[in-house]
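Undergrad: File work_15.cif below, mmCIF, C-alpha atoms and all ligand atoms:
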```cif
data_protein
#
loop_
_atom_site.label_atom_id
_atom_site.label_comp_id
_atom_site.auth_asym_id
_atom_site.auth_seq_id
_atom_site.Cartn_x
_atom_site.Cartn_y
_atom_site.Cartn_z
CA MET A 440 24.11 13.59 -13.82
CA LYS A 441 21.93 12.26 -16.59
CA LYS A 442 20.51 9.74 -14.11
CA ASN A 443 17.83 11.98 -12.60
CA LYS A 444 16.51 12.94 -16.04
CA THR A 445 15.32 9.39 -16.69
CA HIS A 446 11.78 8.22 -15.91
CA PRO A 447 11.30 6.32 -12.62
CA ALA A 448 10.14 3.33 -14.73
CA THR A 449 13.58 3.23 -16.33
CA ARG A 450 15.42 3.47 -13.02
CA VAL A 451 13.34 0.83 -11.24
CA ALA A 452 13.57 -1.61 -14.20
CA GLN A 453 17.36 -1.35 -13.95
CA GLY A 454 17.47 -1.67 -10.16
CA LEU A 455 18.94 1.87 -10.11
CA GLY A 456 21.67 0.62 -12.41
CA TRP A 457 23.28 -1.64 -9.80
CA GLU A 458 26.28 -3.65 -10.99
CA CYS A 459 28.67 -5.76 -8.95
CA PRO A 460 31.97 -3.83 -8.97
CA VAL A 461 33.91 -7.13 -8.94
CA THR A 462 32.04 -9.42 -11.35
CA GLY A 463 29.79 -7.08 -13.33
CA ALA A 464 26.68 -9.06 -12.29
CA VAL A 465 23.52 -6.97 -12.88
CA VAL A 466 21.43 -8.89 -10.33
CA PRO A 467 22.42 -8.43 -6.70
CA PRO A 468 23.49 -11.38 -4.55
CA ILE A 469 21.52 -12.47 -1.48
CA HIS A 470 23.58 -11.43 1.54
CA LEU A 471 23.00 -13.92 4.33
CA SER A 472 25.71 -12.61 6.65
CA THR A 473 24.41 -11.15 9.92
CA THR A 474 27.69 -9.42 10.66
CA PHE A 475 30.27 -7.41 8.74
CA ALA A 476 34.00 -7.40 9.45
CA ARG A 477 35.68 -4.06 10.04
CA GLY A 478 38.85 -2.75 8.38
CA ALA A 479 42.45 -2.36 9.60
CA ASP A 480 41.64 0.73 11.69
CA TYR A 481 38.44 -0.87 13.03
CA GLU A 482 36.44 1.27 10.63
CA LEU A 483 33.22 0.09 8.95
CA ARG A 484 34.06 -0.86 5.37
CA ALA A 485 30.64 0.18 4.10
CA GLU A 486 27.81 1.38 6.33
CA HIS A 487 27.06 -2.14 7.56
CA ASP A 488 27.95 -3.54 10.94
CA TYR A 489 25.11 -5.82 12.05
CA GLY A 490 22.14 -7.38 10.25
CA ARG A 491 19.32 -6.17 12.51
CA ASP A 492 19.75 -2.64 11.26
CA LYS A 493 21.40 -2.73 7.86
CA ASN A 494 21.77 -5.48 5.33
CA PRO A 495 22.97 -4.85 1.77
CA SER A 496 20.10 -7.06 0.53
CA PHE A 497 17.46 -4.66 1.77
CA LYS A 498 19.41 -1.45 1.21
CA GLN A 499 18.92 -1.80 -2.55
CA PRO A 500 15.11 -2.19 -2.56
CA GLU A 501 14.94 0.61 0.04
CA ALA A 502 16.84 2.90 -2.33
CA MET A 503 14.51 1.86 -5.18
CA ILE A 504 11.38 2.65 -3.13
CA ALA A 505 12.75 6.03 -1.94
CA ASP A 506 13.51 6.85 -5.58
CA LEU A 507 10.05 5.78 -6.81
CA GLU A 508 8.34 8.02 -4.25
CA GLY A 509 10.83 10.88 -4.51
CA GLY A 510 11.50 10.64 -0.76
CA ALA A 511 14.62 11.31 1.29
CA ASP A 512 14.83 7.78 2.69
CA ALA A 513 12.90 4.51 2.95
CA LEU A 514 12.88 1.64 5.43
CA LEU A 515 11.61 -1.85 4.74
CA PHE A 516 9.75 -3.86 7.36
CA SER A 517 8.77 -7.51 7.73
CA SER A 518 5.13 -6.86 6.73
CA GLY A 519 2.77 -4.09 5.69
CA MET A 520 1.36 -4.01 9.23
CA ALA A 521 4.86 -3.71 10.72
CA SER A 522 5.33 -0.61 8.52
CA CYS A 523 1.81 0.78 9.24
CA THR A 524 2.31 0.54 13.01
CA ALA A 525 5.92 1.85 13.01
CA PRO A 526 5.01 5.58 12.90
CA PHE A 527 2.54 5.08 15.77
CA GLN A 528 5.12 3.19 17.84
CA ALA A 529 7.40 6.18 17.34
CA LEU A 530 4.86 8.67 18.74
CA ARG A 531 4.68 9.60 22.43
CA GLN A 532 2.12 9.00 25.15
CA GLY A 533 -0.68 11.57 24.91
CA ASP A 534 -0.19 12.25 21.20
CA HIS A 535 -3.40 12.58 19.22
CA ILE A 536 -4.03 10.86 15.88
CA VAL A 537 -6.71 11.23 13.25
CA ALA A 538 -7.38 8.11 11.17
CA PRO A 539 -10.03 7.07 8.62
CA ASP A 540 -13.26 5.38 9.74
CA ILE A 541 -12.92 3.04 6.75
CA MET A 542 -9.48 1.66 5.94
CA TYR A 543 -7.41 -1.52 5.83
CA TYR A 544 -9.01 -3.32 8.78
CA GLY A 545 -5.87 -4.45 10.65
CA LEU A 546 -4.73 -0.94 11.50
CA PRO A 547 -7.81 0.37 13.36
CA LYS A 548 -7.81 -2.93 15.25
CA TRP A 549 -4.21 -2.27 16.38
CA LEU A 550 -4.88 1.42 17.12
CA ARG A 551 -8.00 0.71 19.22
CA GLY A 552 -6.11 -1.92 21.21
CA PHE A 553 -2.35 -1.47 21.49
CA GLY A 554 -2.35 2.17 20.32
CA VAL A 555 -4.83 3.32 22.97
CA ASP A 556 -3.18 1.09 25.63
CA ARG A 557 0.08 2.94 24.96
CA GLY A 558 -1.53 6.29 25.59
CA LEU A 559 -2.32 7.43 22.07
CA SER A 560 -5.69 9.07 21.55
CA VAL A 561 -7.34 8.36 18.22
CA ASP A 562 -10.32 9.83 16.38
CA PHE A 563 -11.69 7.88 13.44
CA VAL A 564 -13.42 10.12 10.88
CA PRO A 565 -14.16 9.98 7.14
CA THR A 566 -10.79 11.46 6.14
CA SER A 567 -11.81 11.92 2.49
CA ASP A 568 -14.34 14.50 3.78
CA MET A 569 -12.27 17.66 4.33
CA ALA A 570 -14.80 19.26 6.70
CA ALA A 571 -14.75 16.14 8.90
CA LEU A 572 -10.96 16.08 8.82
CA ALA A 573 -10.68 19.78 9.68
CA GLY A 574 -13.10 19.27 12.58
CA ALA A 575 -11.09 16.33 13.95
CA VAL A 576 -7.56 17.77 14.14
CA LYS A 577 -6.57 19.36 17.46
CA PRO A 578 -3.98 22.12 16.92
CA GLY A 579 -0.84 21.42 18.93
CA LYS A 580 -2.07 18.00 20.09
CA THR A 581 -2.57 16.08 16.84
CA LYS A 582 0.78 14.69 15.72
CA LEU A 583 -0.22 12.44 12.84
CA VAL A 584 -3.05 12.38 10.34
CA TRP A 585 -3.33 9.00 8.61
CA VAL A 586 -5.13 8.57 5.30
CA GLU A 587 -5.45 5.68 2.88
CA THR A 588 -6.19 6.49 -0.76
CA PRO A 589 -7.88 4.87 -2.61
CA CYS A 590 -9.17 3.23 0.57
CA ASN A 591 -10.17 -0.35 1.24
CA PRO A 592 -12.70 -1.63 0.28
CA VAL A 593 -14.84 1.17 -1.17
CA TRP A 594 -12.02 3.08 -2.94
CA ARG A 595 -12.88 6.58 -1.74
CA VAL A 596 -10.09 8.95 -2.80
CA THR A 597 -8.65 11.59 -0.45
CA ASP A 598 -7.50 14.96 -1.78
CA LEU A 599 -3.95 14.77 -0.45
CA ALA A 600 -3.07 18.44 -1.00
CA GLN A 601 -6.05 19.54 1.08
CA ALA A 602 -5.45 16.89 3.74
CA ALA A 603 -1.80 18.02 4.01
CA GLU A 604 -2.88 21.63 4.42
CA ILE A 605 -5.28 20.71 7.23
CA ALA A 606 -2.71 18.47 8.98
CA HIS A 607 0.08 21.04 8.72
CA GLY A 608 -2.24 23.84 9.86
CA ALA A 609 -2.73 21.93 13.11
CA GLY A 610 1.01 21.22 13.49
CA ALA A 611 0.58 17.56 12.52
CA GLN A 612 2.25 15.45 9.84
CA LEU A 613 0.43 13.56 7.08
CA ALA A 614 1.02 9.85 6.57
CA VAL A 615 -0.47 8.17 3.50
CA ASP A 616 -1.06 4.45 3.03
CA SER A 617 -0.49 4.42 -0.73
CA THR A 618 -0.49 0.64 -1.16
CA VAL A 619 -3.33 0.66 -3.69
CA ALA A 620 -2.25 3.72 -5.70
CA THR A 621 1.43 2.68 -5.90
CA PRO A 622 4.07 5.28 -6.91
CA VAL A 623 3.11 4.56 -10.52
CA LEU A 624 -0.25 6.34 -10.13
CA THR A 625 0.23 8.75 -7.19
CA ARG A 626 3.29 10.22 -5.51
CA PRO A 627 1.95 11.63 -2.21
CA PHE A 628 5.06 13.77 -1.49
CA GLU A 629 4.20 15.86 -4.57
CA HIS A 630 0.89 16.68 -2.83
CA GLY A 631 2.39 17.62 0.54
CA ALA A 632 2.47 14.31 2.45
CA ASP A 633 5.25 13.71 5.00
CA PHE A 634 5.29 9.88 5.09
CA VAL A 635 4.24 7.25 2.58
CA ILE A 636 3.49 3.70 3.69
CA HIS A 637 3.26 0.61 1.50
CA ALA A 638 2.18 -2.93 2.15
CA ALA A 639 4.94 -4.07 -0.24
CA THR A 640 3.36 -7.53 0.02
CA LYS A 641 0.92 -6.17 -2.55
CA TYR A 642 1.81 -4.25 -5.75
CA LEU A 643 5.46 -3.43 -5.05
CA ASN A 644 6.36 -7.11 -4.94
CA GLY A 645 3.38 -8.09 -7.09
CA HIS A 646 3.69 -11.87 -7.09
CA SER A 647 1.98 -12.94 -3.84
CA ASP A 648 5.18 -14.51 -2.54
CA VAL A 649 6.70 -11.93 -0.16
CA MET A 650 5.45 -10.30 3.05
CA ALA A 651 6.94 -6.81 3.28
CA GLY A 652 6.19 -3.22 4.22
CA ALA A 653 7.84 0.13 3.63
CA VAL A 654 7.83 3.55 5.27
CA VAL A 655 9.16 6.37 3.11
CA ALA A 656 10.00 9.82 4.50
CA LYS A 657 9.90 13.11 2.67
CA ALA A 658 12.59 14.46 5.02
CA GLU A 659 14.83 12.87 7.62
CA ASP A 660 13.07 14.67 10.47
CA GLU A 661 12.59 13.85 14.16
CA LEU A 662 9.74 11.36 13.71
CA TRP A 663 11.72 9.65 10.95
CA GLU A 664 14.70 9.25 13.30
CA ARG A 665 12.42 7.66 15.90
CA ILE A 666 10.84 5.31 13.31
CA SER A 667 14.30 4.28 12.21
CA GLN A 668 15.40 3.71 15.83
CA HIS A 669 12.25 1.70 16.48
CA ARG A 670 13.19 -0.63 13.63
CA ALA A 671 16.86 -0.86 14.61
CA LEU A 672 16.01 -1.67 18.24
CA THR A 673 13.10 -4.07 17.71
CA GLY A 674 14.15 -5.70 14.41
CA PRO A 675 11.00 -6.14 12.27
CA ILE A 676 13.24 -6.28 9.20
CA LEU A 677 12.97 -7.93 5.82
CA GLY A 678 14.79 -11.25 5.33
CA SER A 679 17.51 -11.33 2.68
CA PHE A 680 15.66 -13.70 0.36
CA GLU A 681 12.47 -11.60 0.62
CA ALA A 682 14.53 -8.50 -0.19
CA PHE A 683 15.91 -10.21 -3.28
CA LEU A 684 12.42 -11.24 -4.43
CA LEU A 685 11.04 -7.75 -3.77
CA THR A 686 13.84 -6.18 -5.83
CA ARG A 687 13.03 -8.57 -8.64
CA GLY A 688 9.29 -7.94 -8.40
CA MET A 689 9.65 -4.15 -8.41
CA ARG A 690 11.49 -4.17 -11.72
CA THR A 691 8.18 -4.86 -13.49
CA LEU A 692 6.06 -2.55 -11.29
CA PHE A 693 5.10 -0.09 -14.03
CA LEU A 694 4.07 -2.79 -16.52
CA ARG A 695 2.00 -4.67 -13.94
CA VAL A 696 0.21 -1.62 -12.48
CA LYS A 697 -0.61 -0.19 -15.90
CA ALA A 698 -1.99 -3.52 -17.16
CA ALA A 699 -4.06 -4.09 -14.00
CA SER A 700 -5.42 -0.51 -14.10
CA GLN A 701 -6.48 -0.80 -17.75
CA SER A 702 -8.16 -4.11 -17.10
CA ALA A 703 -9.91 -2.91 -13.92
CA LEU A 704 -11.31 0.12 -15.77
CA ALA A 705 -12.62 -2.11 -18.57
CA ILE A 706 -14.19 -4.49 -16.02
CA ALA A 707 -15.77 -1.62 -14.05
CA LYS A 708 -17.26 -0.14 -17.21
CA HIS A 709 -18.48 -3.52 -18.44
CA PHE A 710 -20.31 -4.38 -15.20
CA GLU A 711 -21.73 -0.93 -14.47
CA GLY A 712 -25.53 -1.37 -14.47
CA HIS A 713 -25.33 -5.20 -14.57
CA PRO A 714 -28.65 -6.77 -13.46
CA ALA A 715 -26.96 -8.86 -10.72
CA LEU A 716 -25.25 -5.80 -9.16
CA THR A 717 -26.42 -2.71 -7.28
CA HIS A 718 -23.06 -0.85 -7.38
CA VAL A 719 -19.68 -0.97 -9.04
CA LEU A 720 -17.21 0.96 -6.85
CA TYR A 721 -14.19 2.21 -8.82
CA PRO A 722 -12.62 5.70 -8.83
CA GLY A 723 -12.24 5.54 -12.62
CA LEU A 724 -16.01 5.60 -13.14
CA VAL A 725 -17.55 9.04 -13.74
CA GLU A 726 -20.27 8.14 -11.18
CA HIS A 727 -17.72 7.57 -8.38
CA PRO A 728 -18.07 10.36 -5.77
CA ASP A 729 -14.32 11.14 -5.91
CA HIS A 730 -13.80 10.73 -9.66
CA GLU A 731 -12.76 14.39 -10.14
CA ILE A 732 -10.15 14.22 -7.35
CA ALA A 733 -8.92 10.86 -8.67
CA LYS A 734 -8.50 12.37 -12.16
CA ARG A 735 -6.37 15.19 -10.72
CA GLN A 736 -4.34 13.11 -8.31
CA MET A 737 -3.90 9.76 -10.06
CA GLU A 738 -1.78 9.75 -13.16
CA GLY A 739 -2.09 7.12 -15.89
CA GLY A 740 -4.85 5.02 -14.33
CA PHE A 741 -7.12 4.44 -11.34
CA GLY A 742 -5.58 1.25 -10.02
CA GLY A 743 -6.38 -2.43 -10.15
CA MET A 744 -8.85 -2.56 -7.23
CA LEU A 745 -12.63 -2.35 -7.45
CA SER A 746 -15.66 -3.66 -5.59
CA PHE A 747 -19.02 -5.04 -6.62
CA ARG A 748 -22.13 -4.88 -4.48
CA VAL A 749 -24.33 -7.79 -5.51
CA LYS A 750 -28.11 -7.91 -5.45
CA GLY A 751 -28.62 -10.13 -2.43
CA ASP A 752 -27.06 -10.91 0.93
CA ALA A 753 -23.67 -12.07 2.24
CA GLU A 754 -24.48 -15.63 1.17
CA THR A 755 -25.20 -14.52 -2.41
CA ALA A 756 -21.95 -12.57 -2.51
CA ARG A 757 -19.93 -15.51 -1.20
CA ARG A 758 -21.58 -17.74 -3.82
CA VAL A 759 -20.46 -15.39 -6.61
CA ALA A 760 -16.88 -15.49 -5.28
CA SER A 761 -16.77 -19.26 -5.14
CA SER A 762 -18.40 -19.61 -8.59
CA CYS A 763 -15.45 -17.85 -10.26
CA THR A 764 -12.78 -20.05 -11.76
CA LEU A 765 -10.13 -17.50 -12.84
CA PHE A 766 -10.60 -15.05 -9.95
CA LYS A 767 -9.33 -16.95 -6.90
CA PRO A 768 -11.52 -16.62 -3.81
CA ALA A 769 -8.72 -15.35 -1.56
CA THR A 770 -7.61 -12.37 0.49
CA SER A 771 -4.73 -9.98 -0.39
CA LEU A 772 -4.32 -7.87 -3.51
CA GLY A 773 -1.84 -6.50 -6.01
CA GLY A 774 -0.55 -9.79 -7.42
CA VAL A 775 -0.37 -10.80 -11.07
CA GLU A 776 -3.28 -13.21 -10.49
CA SER A 777 -6.83 -11.90 -9.97
CA LEU A 778 -8.51 -12.40 -6.60
CA ILE A 779 -12.08 -11.99 -5.40
CA GLU A 780 -12.94 -11.66 -1.74
CA HIS A 781 -15.95 -11.31 0.53
CA ARG A 782 -14.48 -8.74 2.95
CA GLY A 783 -17.35 -9.08 5.45
CA THR A 784 -16.34 -12.68 6.16
CA VAL A 785 -12.70 -11.76 6.72
CA GLU A 786 -13.33 -8.60 8.76
CA GLY A 787 -15.83 -10.24 11.14
CA PRO A 788 -19.09 -9.09 12.73
CA GLU A 789 -17.93 -5.57 13.79
CA SER A 790 -16.96 -4.70 10.18
CA LEU A 791 -18.64 -1.67 8.58
CA THR A 792 -18.15 -3.17 5.10
CA PRO A 793 -21.49 -3.83 3.35
CA LYS A 794 -22.33 -7.54 3.55
CA ASP A 795 -23.11 -7.68 -0.18
CA LEU A 796 -19.64 -6.36 -1.15
CA LEU A 797 -17.06 -8.32 -3.11
CA ARG A 798 -13.55 -6.92 -3.45
CA LEU A 799 -11.74 -7.61 -6.72
CA SER A 800 -8.00 -7.42 -7.20
CA VAL A 801 -7.48 -7.40 -10.94
CA GLY A 802 -4.31 -9.11 -12.11
CA ILE A 803 -2.60 -9.08 -15.49
CA GLU A 804 -4.54 -11.89 -17.18
CA ASP A 805 -6.44 -11.28 -20.44
CA THR A 806 -9.27 -8.81 -19.74
CA ASP A 807 -11.88 -10.64 -21.82
CA ASP A 808 -11.16 -13.88 -19.92
CA LEU A 809 -11.68 -12.06 -16.63
CA ILE A 810 -14.95 -10.48 -17.79
CA ALA A 811 -16.24 -13.87 -19.01
CA ASP A 812 -15.36 -15.44 -15.64
CA LEU A 813 -17.30 -12.78 -13.71
CA GLU A 814 -20.26 -12.92 -16.13
CA ALA A 815 -20.51 -16.69 -15.66
CA ALA A 816 -20.29 -16.39 -11.86
CA LEU A 817 -23.00 -13.72 -11.73
CA LYS A 818 -25.22 -15.82 -14.00
CA THR A 819 -25.18 -18.80 -11.64
CA VAL A 820 -26.51 -16.49 -8.95
CA LEU A 821 -29.19 -14.84 -11.05
CA SER A 822 -30.47 -18.20 -12.29
CA ARG A 823 -31.11 -19.57 -8.78
C1 LIG B 1 -2.43 -5.57 2.99
C2 LIG B 1 -2.48 -4.16 3.43
C3 LIG B 1 -1.84 -3.76 4.61
C4 LIG B 1 -1.11 -4.73 5.51
O1 LIG B 1 -0.04 -5.37 4.86
P1 LIG B 1 0.51 -6.82 5.30
O2 LIG B 1 1.70 -7.02 4.45
O3 LIG B 1 -0.61 -7.80 5.04
O4 LIG B 1 0.83 -6.75 6.76
C5 LIG B 1 -1.90 -2.41 4.94
N1 LIG B 1 -2.55 -1.52 4.18
C6 LIG B 1 -3.18 -1.87 3.04
C7 LIG B 1 -3.87 -0.83 2.23
C8 LIG B 1 -3.17 -3.21 2.63
O5 LIG B 1 -3.81 -3.56 1.51
#
```
Show the structure stored in the file as structure tokens.

TA:
Amino acid sequence: MKKNKTHPATRVAQGLGWECPVTGAVVPPIHLSTTFARGADYELRAEHDYGRDKNPSFKQPEAMIADLEGGADALLFSSGMASCTAPFQALRQGDHIVAPDIMYYGLPKWLRGFGVDRGLSVDFVPTSDMAALAGAVKPGKTKLVWVETPCNPVWRVTDLAQAAEIAHGAGAQLAVDSTVATPVLTRPFEHGADFVIHAATKYLNGHSDVMAGAVVAKAEDELWERISQHRALTGPILGSFEAFLLTRGMRTLFLRVKAASQSALAIAKHFEGHPALTHVLYPGLVEHPDHEIAKRQMEGGFGGMLSFRVKGDAETARRVASSCTLFKPATSLGGVESLIEHRGTVEGPESLTPKDLLRLSVGIEDTDDLIADLEAALKTVLSR
């Protein structure tokens, strides 16, 4: 009974208090078995029968994620993209979707191709602009409104309470890609969202060594049942070893996210107005267009992601990235090590991302070291 009074940081650090009833081990084993023997009356001994649907190794991190978000249930998938596409695979032909014009680039690519081929109709609008969102939903026809906040790679923040009101007013549900905010900084269900999606590859695992995704449901409703059937029947599940690593990684989630957020804020403030830069994009800066919403909606920090726009072209930006020595010039985000990436190169010619933009994922290294690394990299560019 006392359990729910504790802070989520306490519960996740303790793996929800799991202990082996036989040995007392406090770290769960890795269950490799794909099948589970039944009892004397052919009954299931626990809820497990076959590994494509349920495996004790991923049930524990699923329970931890549901608890972190305050949701009714969570399902883990084999990647962030497997979890992002799951709700859309569960929709029906003819269903209408509203999605952001700027977001994690893999999803619009899937929606424009496979999504449309399967009979979904999609409108891409700036979903952080409530007038644009309200104009895009079609009452009775729109089934899902998708938002990402803060969104890749410009970190616009969406007012989730308003977005939920607009979605629900049209009879649609609101799904939030909360990968960058993490449940440490924002819990979308508290603002009216219906589904929360995580690329658990990023902050939830936090060590750049697991591919994983999660869908969390506020209620076990009809769409949730279909998402869960989609996973059970097609099998994009998490491997047992990955589930073990994810459980281990999540135990330090609060420490990592708080450290990265503090460091990112210090870096954003330090480089604001730097002569080699035209913009520093970070929701924690007073100048950011969504700073007021971010202050209301994000608790305890503004996240570890920010972007620089350098004075110069794509080539200049790429040169800055490769001149860093601590920030690794690599894709992905949310790990303990800092990364710097030229998104334009990765997203290709049709990308709307400014060509002079560099995306920074701030890790948990010493902040002054990180600032010195970026200063040195920007200097090599300015001195050319
Ligand atoms: C990385 C990412 C994804 C996709 O996750 P994968 O694990 O790479 O498939 C989806 N959304 C956001 C916001 C991401 O950063």

Undergrad: Kindly provide, as a PyMOL selection string, all nucleotide and amino acid residues lying within 10 Å of ligand LIG 1 (chain B), counting all atoms listed in the file.

TA: chain A and resi 516-524+542-546+586-592+615-620+636-642+649-653+770-773

Undergrad: As an exercise, work out the distance from CA of Leu624 (chain A) to CA of Phe563 (chain A) in Å and give it to one decimal place.

TA: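 Interatomic distance here is 26.2 Å.
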
Undergrad: Mind checking which residues fall within 7 Å of Ile666 (chain A), counting only C-alpha atoms, ignoring those fewer than 4 positions away in the same chain, and posting them as a VMD selection string?

TA: chain A and resid 525 to 526 529 662 670

Undergrad: Using all atoms listed in the file, which of A:Asp807, A:Asp648, A:Asp598, A:Glu659 sits nearest Glu731 (chain A)?

TA: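 Comparing A:Asp807, A:Asp648, A:Asp598, A:Glu659 against Glu731 (chain A), the winner is A:Asp598.
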
Undergrad: Name all residues at most 10 Å from His607 (chain A) (count only C-alpha atoms; drop same-chain ones fewer than 3 positions away) and give them as a list of chain:residue names.

TA: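 Close residues of His607 (chain A): A:Val576, A:Pro578, A:Thr581, A:Lys582, A:Leu583, A:Val584, A:Gln601, A:Ala602, A:Ala603, A:Glu604, A:Gly610, A:Ala611, A:Gln612, A:Leu613, A:Gly631, A:Ala632, A:Asp633.
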
Undergrad: What does the distance from CA of Arg626 (chain A) to CA of Glu458 (chain A) come to in Å, to one decimal?

TA: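 Spanning CA of Arg626 (chain A) to CA of Glu458 (chain A) is a straight-line distance of 27.4 Å.
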
Undergrad: I'd like the neighbourhood of Val655 (chain A) as a VMD selection string, where a residue qualifies if any of its atoms comes within 8 Å (using all atoms listed in the file), though same-chain residues fewer than 6 positions away should be ignored.

TA: chain A and resid 504 to 505 508 510 to 514 634 to 636

Undergrad: Skipping near chain neighbours, those fewer than 2 positions away, what residues fall within 7 Å of Thr473 (chain A) using only C-alpha atoms, listed as a PyMOL selection string?

TA: chain A and resi 471+489-490

Undergrad: Keeping only C-alpha atoms, write those residues as a PDB file, in the coordinates of the input.

TA:
```
ATOM      1  CA  LEU A 471      23.000 -13.920   4.330  1.00  0.00           C
ATOM      2  CA  TYR A 489      25.110  -5.820  12.050  1.00  0.00           C
ATOM      3  CA  GLY A 490      22.140  -7.380  10.250  1.00  0.00           C
TER       4      GLY A 490
END
```

Undergrad: Of the residues A:Val801, A:His535, A:Gln499, A:Leu672, which is the one nearest to Leu765 (chain A), using all atoms listed in the file?

TA: A:Val801

Undergrad: For CA of Glu814 (chain A) and CA of Ala707 (chain A), quote the distance in Å rounded to one decimal.

TA: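 Going from CA of Glu814 (chain A) over to CA of Ala707 (chain A), I get 12.3 Å.
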
Undergrad: Here is a test: counting all atoms listed in the file, which residue of A:Val696, A:Ala733, A:Ala815, A:Leu704 is nearest to Ser762 (chain A)?

TA: A:Ala815

Undergrad: With distances taken over only C-alpha atoms, which of A:Tyr481, A:Lys818, A:Pro495, A:Gly456 is nearest to Gly678 (chain A)?

TA: A:Pro495

Undergrad: Can you tell me, as number ranges by chain, what residues are no more than 9 Å from Ala756 (chain A) when counting only C-alpha atoms, ignoring any on the same chain fewer than 5 positions away?

TA: A: 748-751, 761, 781, 794-797, 820

Undergrad: Restricting the calculation to all atoms listed in the file: of A:Arg798, A:Arg557, A:His718, A:His713, which residue gets closest to Met744 (chain A)?

TA: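 The closest residue to Met744 (chain A) is A:Arg798.
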
Undergrad: In the coordinate frame of the file, compute which residues have an atom within 10 Å of (-11.0, -6.9, 8.9) when using all atoms listed in the file, and state them as a list in words.

TA: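 Those within range, by chain then number, are Met542, Tyr543, Tyr544, Gly545, Leu546, Pro547, Lys548, Arg782, Gly783, Thr784, Val785, Glu786, Gly787, Pro788, Glu789, Ser790, Leu791 and Thr792 of chain A.
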
Undergrad: Of the residues A:Ser472, A:Ser667, A:Thr686, A:Gln532, which is the one nearest to Met503 (chain A), using all atoms listed in the file?

TA: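 Closest residue, counting all atoms listed in the file: A:Thr686.
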